[in-house]
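> Okay, handing you the structure first.
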Amino acid sequence: MLELSDCIVLHGAELIPHHCDRLVVKSDTIDRLDLGAPVQAIDHGAIVVMPGLYNAHTHMGDSCLPDGATGMTLEQGFFRPHGYKYRELAKRSPAEHLEHIANHLRYMAQTGTIAHVDFREQGVAGAELLKAASEQTGVRSIVLGQFHDLPFTEAELEANRSSLQAEAIAELKAILTVADGFSESTMNDLTDRAWQEIRAIASDKIRAIHCLENDGYRSLSVTRTGRGDLERAIDLYDPDLIIHATVATAEEIALLSRDRRNVVLNPRANANLGLPLPPIAALLESDANLLLGTDNGLLNSPNLLAELDFTYKIAKSQFGDAIRPEPRSILQMATSNIRAFLGGDTYGYLEAGLPADLVLLDFTQPHLRSTRNVVASVVSRITPADLLLTMRHGQVLYQSEWLRLLWASHANL
Ligand SMILES: [Zn+2]
C-alpha cells in the first residue's frame, strides 16, 4: 500500500498536472485519486507523480559492452555475423550475461522505466535470458526474438527468391514459444518470401523491424527488390512496430501516417552513430503514433530521462520556433502513446482504477521546487537523483535511499 497526500499528479492520457489531495495504491491498483484543480506552476516544492516510463526500443543484450563500439561504423559495430557486438556476445557465459542484463534493468527502474520492448539477439536462448532478468527485477521485458544466425547467404538475398528452410521455420516457432514477438535488424536480412512466411507464422505475435536508419537501408532494398525497405516492410510483413525512420522522406512519413503506425524514435542513438536526426517535428504533425527508445545498451545508457530532454530540444529546433511542440507531446511518447501499441492492461497513464504504474519525483529539489511549468521540467530537468520511487503494478522496482529510511520509520509515506 502507498498513500500520498497533497501531491501533484500528471493525470490521464493527456498528462495534465492536477493537485491531488489523496492518492492511494492498494495491491496493484490506483484505488483512490482525489484530484483538485489543474496546476502549472509550483511555488514551494511538491511530490510530482508521473506514469512509469516505457522504453519502446532497446537491445539490453549488449548492455554488457558500454561504449565498446566507439570509433566503429554501424556495420563494424552492430551487424551480423562478424560485427563487434556479435563477436563479443558469443564470449559471455549465460550467468555472466544475465547479471549484466539484470543490473541494467535495475538501472532502468532507477531512471523511471517500468517496461521495455527489446530486440533480443541469440535466438531462443537469448530470449530466455532476458525473460529471466525481467523476472529477477520486476521490470517488464517485452521480448522480440531474432534468428541466431542469418538464414540466407548473400547470393540468396541478392536473388530474392528463397523461402525459409525447415530449420529456420523450426527456430522461429521455438523463439515464439518464449518471446512476445519477432524482430530483425533490417528488411535486407531476409527475402520477400521469408517476410511473408514470418508474417503468417507470427500473425498473433508482435512483429517489429528497423527501417530507414540510414539511406543504405533504402538503397540496398531498392537495388535488390525495386522497393524501399519501409514500403516492403508494410506490404510484406505488416509490422506492429517500426524502429528509427531516421531518414524518412515526406512520402514515407505519409505512409506511416496513413496507417497510424507505431514508430519508435531513438534520437540519441542516431546522433551517436553520426546519422541524421529523425524528422521528429514532421512526425509529430503526422498521425503516426510516436514512441521513444534508447536502442543499444552498447551505444547509449537506457535512461529515458536523457532521451526525453534530447528529443524535446531537437523537436523545438526542427519546428524552428520556441513555441512547438508542447512538452507533454514528448512525454506522451514514453507514456500514454504506448497504449495504442500494447493495449490490454497497459495504459501508460494514471487514473483511479488503473494499474499502479507510477514514478514519484522530488520537486522539492532546488532546481525544481519553483518550476513555472511542471511538465516542461519533467521533460527537460529531471535527473536520476530526483527520483524517489518507481512502481509497476504496485510492486516497488526502485526506491531512493531517503525514501527507504523514511519507510523504515513510518508504516506509510
Ligand atoms: Zn535497434
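Chains: A, B, ... in order of the C-alpha cells. Residues: from 1 per chain. Ligands: from 1, in order shown.
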Throw together the list of residues within 9 Å of ligand 1, counting only C-alpha atoms and all ligand atoms, and drop it here as a count of residues only.
16
> Need to verify the contact set: Asp180 of chain A, 7 Å, only C-alpha atoms, exclusion of same-chain residues closer than 3 positions in sequence. Can you return it as a list in words?
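Listed by chain and then number, they are Ile142, Val143, Leu144, Leu176, Lys205 and Ile206 of chain A.
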> If you count only C-alpha atoms, which residues fall within 12 Å of Pro327 of chain A, apart from same-chain ones fewer than 5 positions away, as a ChimeraX atom specification?
/A:14-16,284,308-316,322,332-334,373-381
> Excluding same-chain residues fewer than 3 positions from segment 33-41 of chain A, what lies within 8 Å of it counting only C-alpha atoms, as JSON, numbers by chain?
{"A": [16, 17, 18, 19, 20, 21, 22, 23, 24, 30, 351, 352, 370, 371, 372, 373, 374, 375]}
> Kindly export the residues of the current selection with N, CA and C atoms, as a short mmCIF file (atom, residue, chain, number, x, y, z; two decimals), in the first residue's frame.

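What follows is the written file result.cif:
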data_model
loop_
_atom_site.label_atom_id
_atom_site.label_comp_id
_atom_site.auth_asym_id
_atom_site.auth_seq_id
_atom_site.Cartn_x
_atom_site.Cartn_y
_atom_site.Cartn_z
N ILE A 16 -2.23 15.92 -17.79
CA ILE A 16 -2.50 17.26 -17.26
C ILE A 16 -2.17 17.27 -15.76
N PRO A 17 -1.26 18.16 -15.31
CA PRO A 17 -0.94 18.19 -13.88
C PRO A 17 -2.12 18.73 -13.06
N HIS A 18 -2.46 17.99 -12.01
CA HIS A 18 -3.52 18.39 -11.09
C HIS A 18 -2.98 18.32 -9.66
N HIS A 19 -3.47 19.23 -8.81
CA HIS A 19 -3.30 18.99 -7.38
C HIS A 19 -4.01 17.69 -7.04
N CYS A 20 -3.48 16.96 -6.08
CA CYS A 20 -4.13 15.72 -5.66
C CYS A 20 -4.14 15.69 -4.14
N ASP A 21 -5.34 15.69 -3.56
CA ASP A 21 -5.45 15.68 -2.09
C ASP A 21 -5.01 14.33 -1.54
N ARG A 22 -5.35 13.26 -2.28
CA ARG A 22 -5.05 11.94 -1.75
C ARG A 22 -4.91 10.93 -2.88
N LEU A 23 -3.80 10.23 -2.87
CA LEU A 23 -3.58 9.14 -3.82
C LEU A 23 -3.33 7.87 -3.01
N VAL A 24 -4.11 6.83 -3.28
CA VAL A 24 -3.95 5.58 -2.54
C VAL A 24 -3.75 4.43 -3.53
N ILE A 30 -4.43 1.70 -8.58
CA ILE A 30 -4.66 3.03 -8.01
C ILE A 30 -6.09 3.03 -7.47
N GLU A 351 -5.01 6.95 -13.78
CA GLU A 351 -6.41 7.26 -13.43
C GLU A 351 -6.81 6.31 -12.32
N ALA A 352 -7.81 6.71 -11.54
CA ALA A 352 -8.32 5.81 -10.50
C ALA A 352 -8.81 4.51 -11.15
N SER A 370 10.49 25.55 -7.69
CA SER A 370 9.67 26.71 -8.07
C SER A 370 9.43 26.73 -9.58
N THR A 371 9.29 25.54 -10.17
CA THR A 371 9.06 25.48 -11.62
C THR A 371 7.81 26.25 -12.02
N ARG A 372 7.91 26.89 -13.16
CA ARG A 372 6.73 27.60 -13.71
C ARG A 372 5.95 26.70 -14.66
N ASN A 373 6.52 25.54 -15.01
CA ASN A 373 5.81 24.62 -15.90
C ASN A 373 6.22 23.19 -15.56
N VAL A 374 5.35 22.51 -14.83
CA VAL A 374 5.70 21.19 -14.29
C VAL A 374 6.10 20.22 -15.41
N VAL A 375 5.29 20.15 -16.47
CA VAL A 375 5.56 19.14 -17.50
C VAL A 375 6.85 19.46 -18.25
#
> Of the candidates A:Val117, A:Ala170, A:Ala245, A:Ala13, which shows the shortest atom-to-atom distance to Ser329 of chain A, using only C-alpha atoms?
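Closest residue, counting only C-alpha atoms: A:Ala13.
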> What's the separation between atom CA of Glu167 of chain A and atom CA of Phe152 of chain A, in Å to one decimal place?
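Separation between atom CA of Glu167 of chain A and atom CA of Phe152 of chain A: 11.8 Å.
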> Please run DSSP on the backbone and report, as an NGL selection string, all residues within segment 100-290 of chain A that come out as alpha helix (DSSP H).
:A and (100-110 or 123-137 or 154-159 or 166-178 or 192-201 or 215-225 or 229-232 or 250-258 or 267-272 or 280-284)
> With only C-alpha atoms as the basis for distance, which of A:Leu255, A:Val48, A:Leu368, A:Ile280 is at the shortest distance from Ile8 of chain A?
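Among the listed residues, A:Val48 lies closest to Ile8 of chain A.
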> Of the candidates A:His11, A:Ala282, A:Asp192, A:Met1, which one gets nearest to Arg328 of chain A if we count only C-alpha atoms?
A:His11
> Which residues of segment 167-237 of chain A come within 12 Å of segment 138-141 of chain A, and for each one, what is the closest pair of atoms and their distance in Å to one decimal, counting only C-alpha atoms, sorted by chain and residue number, as a tab-separated table?

residue	atom	partner	partner_atom	distance
A:Val178	CA	A:Ser141	CA	11.9
A:Ala179	CA	A:Ser141	CA	9.7
A:Asp180	CA	A:Ser141	CA	9.2
A:Gly181	CA	A:Ser141	CA	11.6
> Would you please work out which residue, of A:Gln318, A:Asn300, A:Ser257, A:Ser162, is nearest to Ser286 of chain A when using only C-alpha atoms?
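Counting only C-alpha atoms, the residue closest to Ser286 of chain A is A:Ser257.
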> Counting only C-alpha atoms, which residues in segment 178-291 of chain A sit no more than 12 Å from segment 50-56 of chain A? For each one, give the nearest pair of atoms and the distance in Å, sorted by chain then residue number, as a tab-separated table.

residue	atom	partner	partner_atom	distance
A:Ala208	CA	A:Ala56	CA	10.9
A:Asp240	CA	A:Ala56	CA	11.9
A:Leu241	CA	A:Ala56	CA	9.0
A:Ile242	CA	A:Ala56	CA	10.2
A:Ile243	CA	A:Ala56	CA	8.9
A:His244	CA	A:Ala56	CA	11.1
A:Asn262	CA	A:Ala56	CA	9.8
A:Val263	CA	A:Ala56	CA	9.2
A:Val264	CA	A:Ala56	CA	6.4
A:Leu265	CA	A:Ala56	CA	8.7
A:Asn266	CA	A:Ala56	CA	9.3
A:Asn289	CA	A:Ala56	CA	11.8
A:Leu290	CA	A:Ala56	CA	9.7
A:Leu291	CA	A:Ala56	CA	6.2
> Check segment 12-253 of chain A with DSSP on the backbone and list each residue it calls strand (DSSP E), as a PyMOL selection string.
chain A and resi 16-26+29-38+47-51+53-59+113-120+140-145+181-184+206-211+241-244
> In Å to one decimal, how far is atom CA of Gly61 of chain A from atom CA of Gln165 of chain A?
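Answer for the atom CA of Gln165 of chain A to atom CA of Gly61 of chain A separation: 26.7 Å.
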